[in-house]
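Q: If it helps, the file is called input-v4.cif and holds mmCIF, C-alpha atoms:
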```cif
data_data
#
loop_
_atom_site.group_PDB
_atom_site.id
_atom_site.type_symbol
_atom_site.label_atom_id
_atom_site.label_comp_id
_atom_site.auth_asym_id
_atom_site.auth_seq_id
_atom_site.Cartn_x
_atom_site.Cartn_y
_atom_site.Cartn_z
ATOM 1 C CA MET A 1 112.220 44.012 133.168
ATOM 2 C CA LYS A 2 108.755 45.646 132.941
ATOM 3 C CA GLY A 3 110.063 48.664 134.843
ATOM 4 C CA LEU A 4 112.790 49.218 132.236
ATOM 5 C CA LYS A 5 110.213 49.129 129.425
ATOM 6 C CA TRP A 6 108.145 51.806 131.178
ATOM 7 C CA ILE A 7 111.220 53.929 131.800
ATOM 8 C CA GLY A 8 112.166 53.598 128.121
ATOM 9 C CA LEU A 9 108.646 54.558 127.043
ATOM 10 C CA VAL A 10 108.641 57.603 129.349
ATOM 11 C CA ILE A 11 112.021 58.717 127.963
ATOM 12 C CA VAL A 12 110.749 58.404 124.388
ATOM 13 C CA LEU A 13 107.592 60.390 125.233
ATOM 14 C CA ILE A 14 109.644 63.106 126.927
ATOM 15 C CA ALA A 15 111.928 63.341 123.879
ATOM 16 C CA ILE A 16 108.908 63.662 121.575
ATOM 17 C CA GLY A 17 107.422 66.350 123.833
ATOM 18 C CA VAL A 18 110.684 68.319 123.897
ATOM 19 C CA GLY A 19 110.934 68.045 120.099
ATOM 20 C CA LEU A 20 107.378 69.309 119.636
ATOM 21 C CA MET A 21 107.899 72.205 122.044
ATOM 22 C CA THR A 22 111.135 73.169 120.286
ATOM 23 C CA ALA A 23 109.430 73.078 116.885
ATOM 24 C CA MET A 24 106.524 75.184 118.157
ATOM 25 C CA ASP A 25 108.914 77.642 119.795
ATOM 26 C CA MET A 26 110.874 78.030 116.562
ATOM 27 C CA GLY A 27 107.640 78.663 114.678
ATOM 28 C CA GLU A 28 106.684 81.350 117.170
ATOM 29 C CA LYS A 29 109.973 83.148 116.624
ATOM 30 C CA SER A 30 109.684 83.112 112.848
ATOM 31 C CA PRO A 31 106.046 83.325 111.784
ATOM 32 C CA LEU A 32 105.413 83.737 108.102
ATOM 33 C CA PHE A 33 103.292 86.773 107.265
ATOM 34 C CA VAL A 34 103.116 86.084 103.540
ATOM 35 C CA SER A 35 105.267 84.678 100.755
ATOM 36 C CA GLY A 36 104.963 84.461 97.011
ATOM 37 C CA GLU A 37 106.131 86.087 93.809
ATOM 38 C CA VAL A 38 106.001 89.508 92.196
ATOM 39 C CA VAL A 39 105.164 89.380 88.496
ATOM 40 C CA LEU A 40 106.552 92.186 86.352
ATOM 41 C CA PRO A 41 104.794 92.456 82.967
ATOM 42 C CA GLU A 42 107.106 92.574 79.959
ATOM 43 C CA GLY A 43 105.939 96.081 79.037
ATOM 44 C CA MET A 44 107.128 97.480 82.390
ATOM 45 C CA ARG A 45 110.528 95.775 82.547
ATOM 46 C CA GLY A 46 112.282 98.728 80.917
ATOM 47 C CA ASP A 47 111.020 100.991 83.716
ATOM 48 C CA ALA A 48 112.461 98.579 86.312
ATOM 49 C CA THR A 49 115.862 98.099 84.677
ATOM 50 C CA GLY A 50 118.616 99.349 86.971
ATOM 51 C CA VAL A 51 116.287 99.778 89.963
ATOM 52 C CA GLU A 52 117.796 98.143 93.033
ATOM 53 C CA THR A 53 115.038 98.285 95.664
ATOM 54 C CA LEU A 54 111.819 96.348 96.196
ATOM 55 C CA PHE A 55 109.577 97.192 99.142
ATOM 56 C CA ILE A 56 106.926 94.779 100.432
ATOM 57 C CA ILE A 57 104.431 96.797 102.472
ATOM 58 C CA VAL A 58 101.893 95.129 104.764
ATOM 59 C CA TYR A 59 98.674 96.862 105.852
ATOM 60 C CA ASP A 60 96.287 95.513 108.498
ATOM 61 C CA GLU A 61 92.890 95.501 106.778
ATOM 62 C CA ALA A 62 91.119 95.680 110.159
ATOM 63 C CA SER A 63 92.915 98.915 111.081
ATOM 64 C CA GLN A 64 91.470 102.342 110.322
ATOM 65 C CA MET A 65 94.985 103.829 110.302
ATOM 66 C CA PRO A 66 96.385 104.778 106.880
ATOM 67 C CA MET A 67 99.918 103.849 107.993
ATOM 68 C CA PRO A 68 101.197 100.401 107.072
ATOM 69 C CA PHE A 69 101.594 97.699 109.711
ATOM 70 C CA GLY A 70 105.161 97.282 108.470
ATOM 71 C CA ALA A 71 107.485 97.176 105.493
ATOM 72 C CA GLN A 72 110.375 95.094 104.268
ATOM 73 C CA LYS A 73 113.151 96.241 101.930
ATOM 74 C CA GLU A 74 114.684 93.770 99.465
ATOM 75 C CA LYS A 75 117.297 93.948 96.717
ATOM 76 C CA MET A 76 115.933 93.640 93.183
ATOM 77 C CA PRO A 77 117.292 90.810 91.040
ATOM 78 C CA LYS A 78 119.122 91.578 87.792
ATOM 79 C CA ASP A 79 116.998 89.126 85.762
ATOM 80 C CA LEU A 80 113.564 90.724 85.381
ATOM 81 C CA THR A 81 112.231 88.036 83.027
ATOM 82 C CA GLN A 82 111.432 85.725 85.966
ATOM 83 C CA PRO A 83 108.943 86.302 88.813
ATOM 84 C CA ILE A 84 110.595 87.851 91.874
ATOM 85 C CA PRO A 85 110.188 85.677 94.995
ATOM 86 C CA PHE A 86 109.438 87.307 98.348
ATOM 87 C CA LEU A 87 109.128 86.096 101.933
ATOM 88 C CA VAL A 88 107.845 88.351 104.728
ATOM 89 C CA THR A 89 108.678 87.124 108.242
ATOM 90 C CA LYS A 90 108.522 88.614 111.716
ATOM 91 C CA GLU A 91 112.299 89.158 111.795
ATOM 92 C CA ALA A 92 112.558 90.857 108.394
ATOM 93 C CA LEU A 93 109.466 93.083 108.611
ATOM 94 C CA ARG A 94 110.040 96.572 110.041
ATOM 95 C CA VAL A 95 106.901 96.971 112.137
ATOM 96 C CA MET A 96 105.590 100.489 112.806
ATOM 97 C CA ASN A 97 104.093 99.565 116.208
ATOM 98 C CA PRO A 98 105.961 96.620 117.787
ATOM 99 C CA ASP A 99 103.169 96.152 120.364
ATOM 100 C CA ALA A 100 100.467 95.637 117.718
ATOM 101 C CA PRO A 101 99.369 92.048 117.102
ATOM 102 C CA PRO A 102 100.000 90.634 113.612
ATOM 103 C CA PRO A 103 97.131 91.328 111.212
ATOM 104 C CA ARG A 104 94.764 88.467 110.442
ATOM 105 C CA THR A 105 93.934 89.866 107.024
ATOM 106 C CA MET A 106 96.314 92.042 105.066
ATOM 107 C CA ARG A 107 96.613 94.250 102.055
ATOM 108 C CA VAL A 108 100.057 93.583 100.606
ATOM 109 C CA LYS A 109 101.621 96.164 98.329
ATOM 110 C CA VAL A 110 104.896 95.797 96.462
ATOM 111 C CA ARG A 111 106.851 98.744 95.120
ATOM 112 C CA ILE A 112 109.805 98.678 92.777
ATOM 113 C CA ASP A 113 111.302 101.848 94.168
ATOM 114 C CA LYS A 114 113.448 104.131 91.965
ATOM 115 C CA ASP A 115 115.117 106.084 94.800
ATOM 116 C CA GLY A 116 115.285 103.258 97.378
ATOM 117 C CA VAL A 117 113.854 105.461 100.130
ATOM 118 C CA ALA A 118 110.867 104.429 102.247
ATOM 119 C CA GLY A 119 107.788 106.629 102.176
ATOM 120 C CA PRO A 120 105.006 107.405 99.711
ATOM 121 C CA ASP A 121 105.201 106.347 96.073
ATOM 122 C CA GLN A 122 107.355 108.669 93.989
ATOM 123 C CA PRO A 123 107.213 109.314 90.231
ATOM 124 C CA GLY A 124 108.627 106.341 88.356
ATOM 125 C CA ASP A 125 107.936 103.783 91.115
ATOM 126 C CA LEU A 126 106.129 100.640 89.963
ATOM 127 C CA THR A 127 103.451 99.146 92.234
ATOM 128 C CA GLY A 128 101.049 96.290 92.603
ATOM 129 C CA GLU A 129 98.886 95.067 95.474
ATOM 130 C CA VAL A 130 96.473 92.418 96.624
ATOM 131 C CA THR A 131 93.817 92.554 99.342
ATOM 132 C CA GLY A 132 92.216 89.995 101.599
ATOM 133 C CA VAL A 133 95.457 88.104 102.221
ATOM 134 C CA ALA A 134 95.246 85.829 105.273
ATOM 135 C CA PHE A 135 98.163 85.784 107.714
ATOM 136 C CA GLY A 136 100.501 82.928 106.768
ATOM 137 C CA THR A 137 99.506 82.796 103.081
ATOM 138 C CA ARG A 138 102.054 81.120 100.817
ATOM 139 C CA ASP A 139 102.408 81.373 97.026
ATOM 140 C CA GLN A 140 100.691 84.763 96.756
ATOM 141 C CA LEU A 141 101.059 86.327 93.296
ATOM 142 C CA ILE A 142 101.266 90.112 93.075
ATOM 143 C CA GLU A 143 101.357 91.693 89.642
ATOM 144 C CA ILE A 144 102.934 95.100 89.084
ATOM 145 C CA LYS A 145 100.178 97.165 87.437
ATOM 146 C CA LYS A 146 100.882 100.877 88.006
ATOM 147 C CA LYS A 147 103.606 103.409 87.431
ATOM 148 C CA ALA A 148 103.482 106.373 89.794
ATOM 149 C CA GLU A 149 103.297 109.735 88.034
#
```
Just give me the structure of the file as structure tokens.
A:
Amino acid sequence: MKGLKWIGLVIVLIAIGVGLMTAMDMGEKSPLFVSGEVVLPEGMRGDATGVETLFIIVYDEASQMPMPFGAQKEKMPKDLTQPIPFLVTKEALRVMNPDAPPPRTMRVKVRIDKDGVAGPDQPGDLTGEVTGVAFGTRDQLIEIKKKAE
């Protein structure tokens, strides 16, 4: 009878271990870079009306390179009166150098992009950014503050 109890305990411990390893493996495949909301001030909503593209651009603050670590393209919502949620993950982010490790500290820039094409800001694009963002940060607020001329 004691042997069956030990076997049962071992089976339970193995199941817990497999569950933990699976959970950790899933986390490794889908790490969160940053998530939060983009706030569009009322005075800039007219400039964003009809624009369909939002870019979230991630820069590694430890890198001396001017190029971003990666960028993610999202569809703009129709309702601009509410904050725009964003979620940057390993799968969704287009990384410039796939061999580079994820940044520990990031500068995150958002761009409401008039032409929908990646690259430098173009006239009419609306941007906002935050610095010093730790990898894995949730609930980051980024306010649109500039209109490219």
Q: Under the PyMOL selection byres ((chain A and resi 126) around 10), which residues of this model are included? Write them out as a ChimeraX atom specification.
A: /A:40,44-45,47-48,54,110-114,121-125,127-128,144-149
Q: Rounded to one decimal, what separation in Å do you get between CA of Lys75 (chain A) and CA of Glu52 (chain A)?
A: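 Computing the Euclidean distance for CA of Lys75 (chain A) and CA of Glu52 (chain A) yields 5.6 Å.
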Q: Taking into account all atoms listed in the file, which residue in the set A:Gly70, A:Gly46, A:Pro120, A:Pro83 is nearest to Pro101 (chain A)?
A: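 Smallest distance to Pro101 (chain A) is found for A:Gly70.
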Q: Given the file shown, determine the residues that the PyMOL selection byres ((chain A and resi 32) around 12) selects; report them as a PDB file with C-alpha atoms, in the frame of the given file.
A:
```pdb
ATOM      1  CA  MET A  26     110.874  78.030 116.562  1.00  0.00           C
ATOM      2  CA  GLY A  27     107.640  78.663 114.678  1.00  0.00           C
ATOM      3  CA  GLU A  28     106.684  81.350 117.170  1.00  0.00           C
ATOM      4  CA  LYS A  29     109.973  83.148 116.624  1.00  0.00           C
ATOM      5  CA  SER A  30     109.684  83.112 112.848  1.00  0.00           C
ATOM      6  CA  PRO A  31     106.046  83.325 111.784  1.00  0.00           C
ATOM      7  CA  PHE A  33     103.292  86.773 107.265  1.00  0.00           C
ATOM      8  CA  VAL A  34     103.116  86.084 103.540  1.00  0.00           C
ATOM      9  CA  SER A  35     105.267  84.678 100.755  1.00  0.00           C
ATOM     10  CA  GLY A  36     104.963  84.461  97.011  1.00  0.00           C
ATOM     11  CA  PHE A  86     109.438  87.307  98.348  1.00  0.00           C
ATOM     12  CA  LEU A  87     109.128  86.096 101.933  1.00  0.00           C
ATOM     13  CA  VAL A  88     107.845  88.351 104.728  1.00  0.00           C
ATOM     14  CA  THR A  89     108.678  87.124 108.242  1.00  0.00           C
ATOM     15  CA  LYS A  90     108.522  88.614 111.716  1.00  0.00           C
ATOM     16  CA  GLU A  91     112.299  89.158 111.795  1.00  0.00           C
ATOM     17  CA  ALA A  92     112.558  90.857 108.394  1.00  0.00           C
ATOM     18  CA  LEU A  93     109.466  93.083 108.611  1.00  0.00           C
ATOM     19  CA  PRO A 102     100.000  90.634 113.612  1.00  0.00           C
ATOM     20  CA  PRO A 103      97.131  91.328 111.212  1.00  0.00           C
ATOM     21  CA  ARG A 104      94.764  88.467 110.442  1.00  0.00           C
ATOM     22  CA  ALA A 134      95.246  85.829 105.273  1.00  0.00           C
ATOM     23  CA  PHE A 135      98.163  85.784 107.714  1.00  0.00           C
ATOM     24  CA  GLY A 136     100.501  82.928 106.768  1.00  0.00           C
ATOM     25  CA  THR A 137      99.506  82.796 103.081  1.00  0.00           C
ATOM     26  CA  ARG A 138     102.054  81.120 100.817  1.00  0.00           C
ATOM     27  CA  ASP A 139     102.408  81.373  97.026  1.00  0.00           C
TER      28      ASP A 139
END
```
Q: Do you know which residues the PyMOL selection byres ((chain A and resi 60-68) around 7) returns on this file, as number ranges by chain?
A: A: 57-59, 69-70, 103, 105-107
Q: What does the structure give for the distance between CA of Gly50 (chain A) and CA of Met76 (chain A), in Å to one decimal?
A: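 Interatomic distance, CA of Gly50 (chain A) to CA of Met76 (chain A): 8.9 Å.
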Q: Work out how far apart CA of Lys78 (chain A) and CA of Val51 (chain A) are and give it in Å to one decimal.
A: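 Distance between the two atoms: 8.9 Å.
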Q: Compute the distance from (99.0, 83.2, 93.0) to each atom, counting only C-alpha atoms, keep the residues with any atom at most 10 Å away, and return them as a ChimeraX atom specification; use the coordinates of the file.
A: /A:36-39,138-143
Q: Restricting the calculation to all atoms listed in the file, which member of A:Arg94, A:Val133, A:Gly43, A:Asp99 is positioned closest to Thr81 (chain A)?
A: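 Comparing A:Arg94, A:Val133, A:Gly43, A:Asp99 against Thr81 (chain A), the winner is A:Gly43.
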